[in-house]
>>> print(open('query10.csv').read())   # CSV, C-alpha atoms
chain,number,residue,atom,x,y,z
A,1,MET,CA,130.9,227.9,17.1
A,2,ARG,CA,130.5,227.0,20.7
A,3,VAL,CA,127.0,227.0,22.1
A,4,LYS,CA,126.4,227.7,25.8
A,5,SER,CA,124.3,225.1,27.7
A,6,ILE,CA,121.2,226.1,29.6
A,7,ARG,CA,120.8,223.9,32.7
A,8,GLY,CA,121.9,220.8,30.8
A,9,PHE,CA,120.3,221.7,27.5
A,10,SER,CA,122.0,223.4,24.6
A,11,ALA,CA,120.6,226.6,23.3
A,12,TRP,CA,119.4,224.8,20.2
A,13,ALA,CA,117.7,222.1,22.2
A,14,ALA,CA,115.9,224.8,24.3
A,15,LEU,CA,114.8,226.6,21.1
A,16,ALA,CA,113.4,223.3,19.7
A,17,LEU,CA,111.5,222.7,22.9
A,18,VAL,CA,109.9,226.1,22.7
A,19,LEU,CA,108.9,225.4,19.1
A,20,VAL,CA,107.3,222.1,20.1
A,21,LEU,CA,105.4,223.6,23.0
A,22,THR,CA,104.1,226.4,20.7
A,23,SER,CA,102.9,223.9,18.1
A,24,PHE,CA,100.8,222.2,20.8
A,25,GLY,CA,99.2,225.5,21.8
A,26,TYR,CA,101.4,226.6,24.7
A,27,ALA,CA,102.3,230.3,24.8
A,28,ALA,CA,106.0,230.9,24.3
A,29,ASP,CA,105.6,234.5,25.7
A,30,PRO,CA,105.6,234.4,29.5
A,31,ALA,CA,103.3,237.5,29.5
A,32,ALA,CA,100.6,235.3,27.9
A,33,ALA,CA,100.4,233.2,31.0
A,34,ALA,CA,97.5,233.9,33.3
A,35,ALA,CA,98.4,236.2,36.2
A,36,PRO,CA,97.6,234.9,39.7
A,37,LYS,CA,94.3,236.2,41.0
A,38,LYS,CA,94.2,238.4,44.0
A,39,THR,CA,93.2,236.7,47.2
A,40,PRO,CA,90.2,238.0,49.3
A,41,ASP,CA,91.0,240.8,51.8
A,42,VAL,CA,88.7,239.3,54.4
A,43,ILE,CA,87.5,235.9,55.5
A,44,PHE,CA,83.8,235.3,54.6
A,45,VAL,CA,81.5,235.7,57.5
A,46,PRO,CA,77.8,235.7,56.5
A,47,THR,CA,75.8,238.8,57.6
A,48,PRO,CA,72.9,237.6,59.8
A,49,GLN,CA,69.6,237.8,58.0
A,50,PRO,CA,68.0,240.2,60.5
A,51,VAL,CA,71.0,242.5,60.1
A,52,VAL,CA,70.5,242.3,56.3
A,53,GLU,CA,66.9,243.4,56.7
A,54,ARG,CA,67.9,246.2,59.0
A,55,MET,CA,70.7,247.5,56.8
A,56,LEU,CA,68.4,247.8,53.8
A,57,GLU,CA,65.7,249.5,55.9
A,58,LEU,CA,68.3,251.9,57.3
A,59,ALA,CA,69.5,252.7,53.7
A,60,GLU,CA,65.9,253.6,52.9
A,61,VAL,CA,65.9,251.4,49.7
A,62,LYS,CA,63.1,252.5,47.4
A,63,LYS,CA,61.7,251.6,44.0
A,64,GLY,CA,64.1,252.6,41.2
A,65,ASP,CA,67.2,252.3,43.4
A,66,VAL,CA,70.3,250.3,42.4
A,67,VAL,CA,72.0,248.4,45.2
A,68,TYR,CA,75.7,247.4,45.2
A,69,ASP,CA,77.0,245.0,47.7
A,70,LEU,CA,80.8,245.1,47.9
A,71,GLY,CA,82.0,241.7,49.0
A,72,CYS,CA,78.7,240.0,48.4
A,73,GLY,CA,79.6,236.6,49.9
A,74,ASP,CA,76.6,234.2,49.2
A,75,GLY,CA,74.5,237.0,47.7
A,76,ARG,CA,72.0,237.3,50.6
A,77,ILE,CA,72.0,241.1,50.6
A,78,VAL,CA,71.4,241.6,46.9
A,79,VAL,CA,68.8,238.8,46.9
A,80,THR,CA,67.0,240.3,49.8
A,81,ALA,CA,67.0,243.8,48.2
A,82,ALA,CA,65.6,242.5,45.0
A,83,LYS,CA,63.0,240.2,46.6
A,84,LYS,CA,61.8,242.7,49.2
A,85,TYR,CA,62.0,246.0,47.4
A,86,GLY,CA,61.9,244.9,43.7
A,87,VAL,CA,65.1,246.8,42.9
A,88,LYS,CA,68.1,246.0,40.7
A,89,ALA,CA,71.1,244.8,42.7
A,90,VAL,CA,74.7,244.0,41.9
A,91,GLY,CA,76.9,241.8,44.0
A,92,PHE,CA,80.7,242.0,43.7
A,93,ASP,CA,83.2,239.5,45.1
A,94,ILE,CA,86.7,238.4,44.3
A,95,ASP,CA,86.4,234.8,45.5
A,96,PRO,CA,85.1,232.3,42.8
A,97,GLN,CA,83.5,230.1,45.5
A,98,ARG,CA,81.5,233.1,46.7
A,99,ILE,CA,80.5,233.9,43.2
A,100,LYS,CA,79.3,230.4,42.7
A,101,GLU,CA,77.2,230.5,45.9
A,102,SER,CA,75.7,233.9,45.0
A,103,LEU,CA,74.7,232.8,41.5
A,104,GLU,CA,73.0,229.7,43.0
A,105,ASN,CA,71.2,231.9,45.5
A,106,VAL,CA,70.0,234.2,42.7
A,107,LYS,CA,68.9,231.2,40.6
A,108,THR,CA,67.1,229.5,43.5
A,109,ASN,CA,65.1,232.7,44.1
A,110,ARG,CA,64.5,233.3,40.4
A,111,LEU,CA,65.9,236.8,40.5
A,112,GLU,CA,68.1,236.7,37.4
A,113,HIS,CA,66.1,239.6,35.9
A,114,LEU,CA,67.0,241.9,38.9
A,115,VAL,CA,70.3,240.6,40.4
A,116,THR,CA,73.7,240.5,38.7
A,117,ILE,CA,76.8,238.9,40.3
A,118,LYS,CA,80.3,239.9,39.2
A,119,GLU,CA,83.7,238.7,40.1
A,120,ALA,CA,85.8,241.8,40.6
A,121,ASP,CA,88.2,243.6,42.8
A,122,ILE,CA,86.0,246.1,44.7
A,123,PHE,CA,88.9,248.7,44.9
A,124,THR,CA,89.0,249.1,41.1
A,125,LEU,CA,85.2,249.6,40.6
A,126,ASP,CA,83.3,252.6,39.4
A,127,LEU,CA,80.5,252.9,41.9
A,128,SER,CA,78.8,255.8,40.4
A,129,GLY,CA,75.9,253.7,39.2
A,130,ALA,CA,74.8,252.8,42.7
A,131,ASP,CA,72.1,254.5,44.9
A,132,VAL,CA,72.9,252.3,47.8
A,133,ILE,CA,76.2,250.6,48.8
A,134,THR,CA,76.3,247.9,51.5
A,135,LEU,CA,79.5,246.9,53.3
A,136,TYR,CA,80.6,244.2,55.7
A,137,LEU,CA,84.4,244.6,55.5
A,138,LEU,CA,87.1,245.8,57.9
A,139,PRO,CA,87.6,249.5,59.0
A,140,GLU,CA,90.8,249.9,57.0
A,141,LEU,CA,89.1,248.5,53.9
A,142,ASN,CA,86.2,251.0,54.4
A,143,VAL,CA,88.8,253.8,54.4
A,144,ARG,CA,90.4,252.5,51.2
A,145,LEU,CA,87.0,252.9,49.5
A,146,ILE,CA,86.6,256.6,50.4
A,147,PRO,CA,87.9,258.0,47.1
A,148,GLN,CA,85.4,255.8,45.2
A,149,LEU,CA,82.5,256.6,47.5
A,150,GLU,CA,83.2,260.3,47.2
A,151,LYS,CA,82.3,260.0,43.5
A,152,LEU,CA,78.8,258.7,44.2
A,153,LYS,CA,75.9,261.0,43.2
A,154,PRO,CA,74.5,263.2,46.0
A,155,GLY,CA,72.0,261.5,48.1
A,156,SER,CA,73.5,258.0,47.7
A,157,ARG,CA,73.4,255.9,50.9
A,158,ILE,CA,76.1,253.7,52.3
A,159,VAL,CA,75.5,251.3,55.2
A,160,SER,CA,78.2,249.2,56.9
A,161,PHE,CA,77.7,246.3,59.3
A,162,SER,CA,79.9,246.4,62.4
A,163,PHE,CA,82.6,248.8,61.1
A,164,ASP,CA,82.8,252.5,60.7
A,165,MET,CA,84.8,254.7,58.3
A,166,GLU,CA,87.6,256.6,60.0
A,167,GLY,CA,87.6,260.3,59.2
A,168,ILE,CA,84.0,260.3,57.9
A,169,LYS,CA,81.1,261.3,60.1
A,170,PRO,CA,78.1,258.9,59.9
A,171,ASP,CA,74.6,260.3,59.6
A,172,LYS,CA,73.3,257.6,61.8
A,173,VAL,CA,74.6,254.7,64.1
A,174,VAL,CA,72.1,252.0,65.1
A,175,HIS,CA,72.8,249.7,68.0
A,176,GLU,CA,70.4,246.8,68.0
A,177,ASP,CA,70.5,243.3,69.6
A,178,GLY,CA,74.3,243.7,70.2
A,179,GLU,CA,74.9,244.6,66.5
A,180,THR,CA,76.0,248.0,65.1
A,181,ILE,CA,75.2,249.5,61.7
A,182,TYR,CA,76.6,252.7,60.3
A,183,LYS,CA,74.9,254.9,57.7
A,184,TRP,CA,76.4,257.7,55.6
A,185,THR,CA,74.8,259.8,52.9
A,186,THR,CA,76.7,261.5,50.1
A,187,PRO,CA,78.4,264.0,49.9
A,188,LEU,CA,80.4,262.4,52.7
A,189,LYS,CA,81.0,264.6,55.7
A,190,ARG,CA,84.6,264.8,57.1
A,191,GLU,CA,85.0,264.7,60.8
A,192,SER,CA,86.6,267.7,62.4
A,193,GLY,CA,90.4,267.5,62.1
A,194,ALA,CA,90.2,264.6,59.6
A,195,ALA,CA,92.7,264.6,56.8
A,196,THR,CA,91.5,265.8,53.4
A,197,ARG,CA,92.4,262.4,52.0
A,198,PRO,CA,92.4,258.9,53.5
A,199,LYS,CA,95.8,257.4,54.4
A,200,ARG,CA,97.2,255.3,51.6
A,201,ASP,CA,97.6,251.6,52.4
A,202,PRO,CA,101.4,250.9,52.3
A,203,ASP,CA,100.9,247.7,50.5
A,204,ASN,CA,99.0,249.3,47.6
>>> encode(input="query10.csv", output="structure tokens")
Amino acid sequence: MRVKSIRGFSAWAALALVLVLTSFGYAADPAAAAAPKKTPDVIFVPTPQPVVERMLELAEVKKGDVVYDLGCGDGRIVVTAAKKYGVKAVGFDIDPQRIKESLENVKTNRLEHLVTIKEADIFTLDLSGADVITLYLLPELNVRLIPQLEKLKPGSRIVSFSFDMEGIKPDKVVHEDGETIYKWTTPLKRESGAATRPKRDPDN
């Protein structure tokens, strides 16, 4: 019986190679290989510390609140929230380097009992456990978060540095020292003439 060659190897040789690799712990099933991780949607630019303070003040963080920072960078917002207000805070980021920096920041400030850092895609998160959401993303990314933000319990506060949320009316816009911070409170309020649902990102 004739055996077809596969790029210079016979089918039998290819099968033998698979068996050898498997015996050394290599997965024969391609599905077992690790999928490539998603790259960050934005370049990390640290939020100035005075802005961090103002964001949390504008969000009216109080004892018993839980703060989520979406795209936590080096963890400065969640660390500040825990340190200043004594609240629990969770930082999410998809970049392993940022996660490392955040964890170091939490450890340096001895806030492990209050602050949790998680590597995650923010667009897949259940945000319902948050009382306060902080953002420093891009306008189109804020819009992509609307379906998740609409599921927050009534009275939850969302603050964004620099960028608004198209179609959603802010409760307050603060201009201070050349910086802008937006605040929304749930349930979110649609601007007049805004679509009932945000436009879907064509790449998602």
>>> residues_around(input="query10.csv", residues="Ile77 (chain A)", least_positions_apart="6", cutoff="10 Å", atoms="only C-alpha atoms", output="ChimeraX atom specification")
/A:46-49,51-53,55-56,67-69,83,89-91,102,134-135
>>> residues_around(input="query10.csv", residues="Met165 (chain A)", least_positions_apart="2", cutoff="7 Å", atoms="only C-alpha atoms", output="list in words")
Pro139, Asn142, Val143, Phe163, Gly167 and Ile168 of chain A
>>> atom_distance(input="query10.csv", atom1="CA of Val115 (chain A)", atom2="CA of Gly75 (chain A)")
9.2 Å
>>> closest_residue(input="query10.csv", among="A:Ile43, A:Ala120, A:Ile133, A:Ala59", to="Val174 (chain A)", atoms="only C-alpha atoms")
A:Ala59
>>> atom_distance(input="query10.csv", atom1="CA of Leu70 (chain A)", atom2="CA of Phe123 (chain A)")
9.4 Å
>>> closest_residue(input="query10.csv", among="A:Asp95, A:Asp74, A:Asp65, A:Glu104", to="Ser156 (chain A)", atoms="all atoms listed in the file")
A:Asp65
>>> decode(input="query10.csv", residues="region 63-84 of chain A", atoms="N, CA and C atoms", output="mmCIF file, in the first residue's frame")
data_model
loop_
_atom_site.group_PDB
_atom_site.id
_atom_site.type_symbol
_atom_site.label_atom_id
_atom_site.label_comp_id
_atom_site.auth_asym_id
_atom_site.auth_seq_id
_atom_site.Cartn_x
_atom_site.Cartn_y
_atom_site.Cartn_z
ATOM 1 N N LYS A 63 -17.968 54.940 53.003
ATOM 2 C CA LYS A 63 -17.737 53.666 53.689
ATOM 3 C C LYS A 63 -18.753 52.629 53.227
ATOM 4 N N GLY A 64 -18.286 51.432 52.920
ATOM 5 C CA GLY A 64 -19.172 50.361 52.482
ATOM 6 C C GLY A 64 -19.255 50.219 50.973
ATOM 7 N N ASP A 65 -18.764 51.224 50.227
ATOM 8 C CA ASP A 65 -18.766 51.143 48.765
ATOM 9 C C ASP A 65 -17.729 50.135 48.275
ATOM 10 N N VAL A 66 -17.950 49.658 47.060
ATOM 11 C CA VAL A 66 -16.959 48.835 46.361
ATOM 12 C C VAL A 66 -16.617 49.574 45.078
ATOM 13 N N VAL A 67 -15.337 49.831 44.877
ATOM 14 C CA VAL A 67 -14.865 50.581 43.716
ATOM 15 C C VAL A 67 -14.228 49.640 42.707
ATOM 16 N N TYR A 68 -14.646 49.738 41.443
ATOM 17 C CA TYR A 68 -14.019 48.993 40.349
ATOM 18 C C TYR A 68 -13.295 49.993 39.459
ATOM 19 N N ASP A 69 -12.022 49.726 39.155
ATOM 20 C CA ASP A 69 -11.291 50.540 38.183
ATOM 21 C C ASP A 69 -11.051 49.683 36.949
ATOM 22 N N LEU A 70 -11.634 50.081 35.818
ATOM 23 C CA LEU A 70 -11.535 49.295 34.582
ATOM 24 C C LEU A 70 -10.351 49.788 33.759
ATOM 25 N N GLY A 71 -9.311 48.969 33.712
ATOM 26 C CA GLY A 71 -8.048 49.380 33.117
ATOM 27 C C GLY A 71 -7.233 50.063 34.195
ATOM 28 N N CYS A 72 -6.857 49.285 35.206
ATOM 29 C CA CYS A 72 -6.316 49.876 36.449
ATOM 30 C C CYS A 72 -4.876 50.339 36.355
ATOM 31 N N GLY A 73 -4.171 50.000 35.266
ATOM 32 C CA GLY A 73 -2.790 50.477 35.123
ATOM 33 C C GLY A 73 -1.913 50.047 36.279
ATOM 34 N N ASP A 74 -1.331 51.015 36.992
ATOM 35 C CA ASP A 74 -0.440 50.684 38.115
ATOM 36 C C ASP A 74 -1.186 50.608 39.445
ATOM 37 N N GLY A 75 -2.520 50.662 39.389
ATOM 38 C CA GLY A 75 -3.325 50.463 40.595
ATOM 39 C C GLY A 75 -3.514 51.689 41.463
ATOM 40 N N ARG A 76 -3.144 52.861 40.963
ATOM 41 C CA ARG A 76 -3.171 54.051 41.826
ATOM 42 C C ARG A 76 -4.589 54.452 42.254
ATOM 43 N N ILE A 77 -5.599 54.210 41.416
ATOM 44 C CA ILE A 77 -6.958 54.598 41.796
ATOM 45 C C ILE A 77 -7.498 53.686 42.889
ATOM 46 N N VAL A 78 -7.339 52.385 42.727
ATOM 47 C CA VAL A 78 -7.867 51.466 43.745
ATOM 48 C C VAL A 78 -7.093 51.589 45.053
ATOM 49 N N VAL A 79 -5.801 51.823 44.953
ATOM 50 C CA VAL A 79 -4.987 52.014 46.161
ATOM 51 C C VAL A 79 -5.412 53.285 46.890
ATOM 52 N N THR A 80 -5.631 54.354 46.148
ATOM 53 C CA THR A 80 -6.060 55.617 46.758
ATOM 54 C C THR A 80 -7.437 55.471 47.398
ATOM 55 N N ALA A 81 -8.351 54.782 46.705
ATOM 56 C CA ALA A 81 -9.703 54.585 47.242
ATOM 57 C C ALA A 81 -9.663 53.833 48.564
ATOM 58 N N ALA A 82 -8.863 52.778 48.617
ATOM 59 C CA ALA A 82 -8.769 51.972 49.837
ATOM 60 C C ALA A 82 -8.077 52.740 50.955
ATOM 61 N N LYS A 83 -7.008 53.445 50.596
ATOM 62 C CA LYS A 83 -6.201 54.154 51.590
ATOM 63 C C LYS A 83 -6.948 55.347 52.184
ATOM 64 N N LYS A 84 -7.639 56.090 51.328
ATOM 65 C CA LYS A 84 -8.284 57.326 51.772
ATOM 66 C C LYS A 84 -9.675 57.107 52.362
#
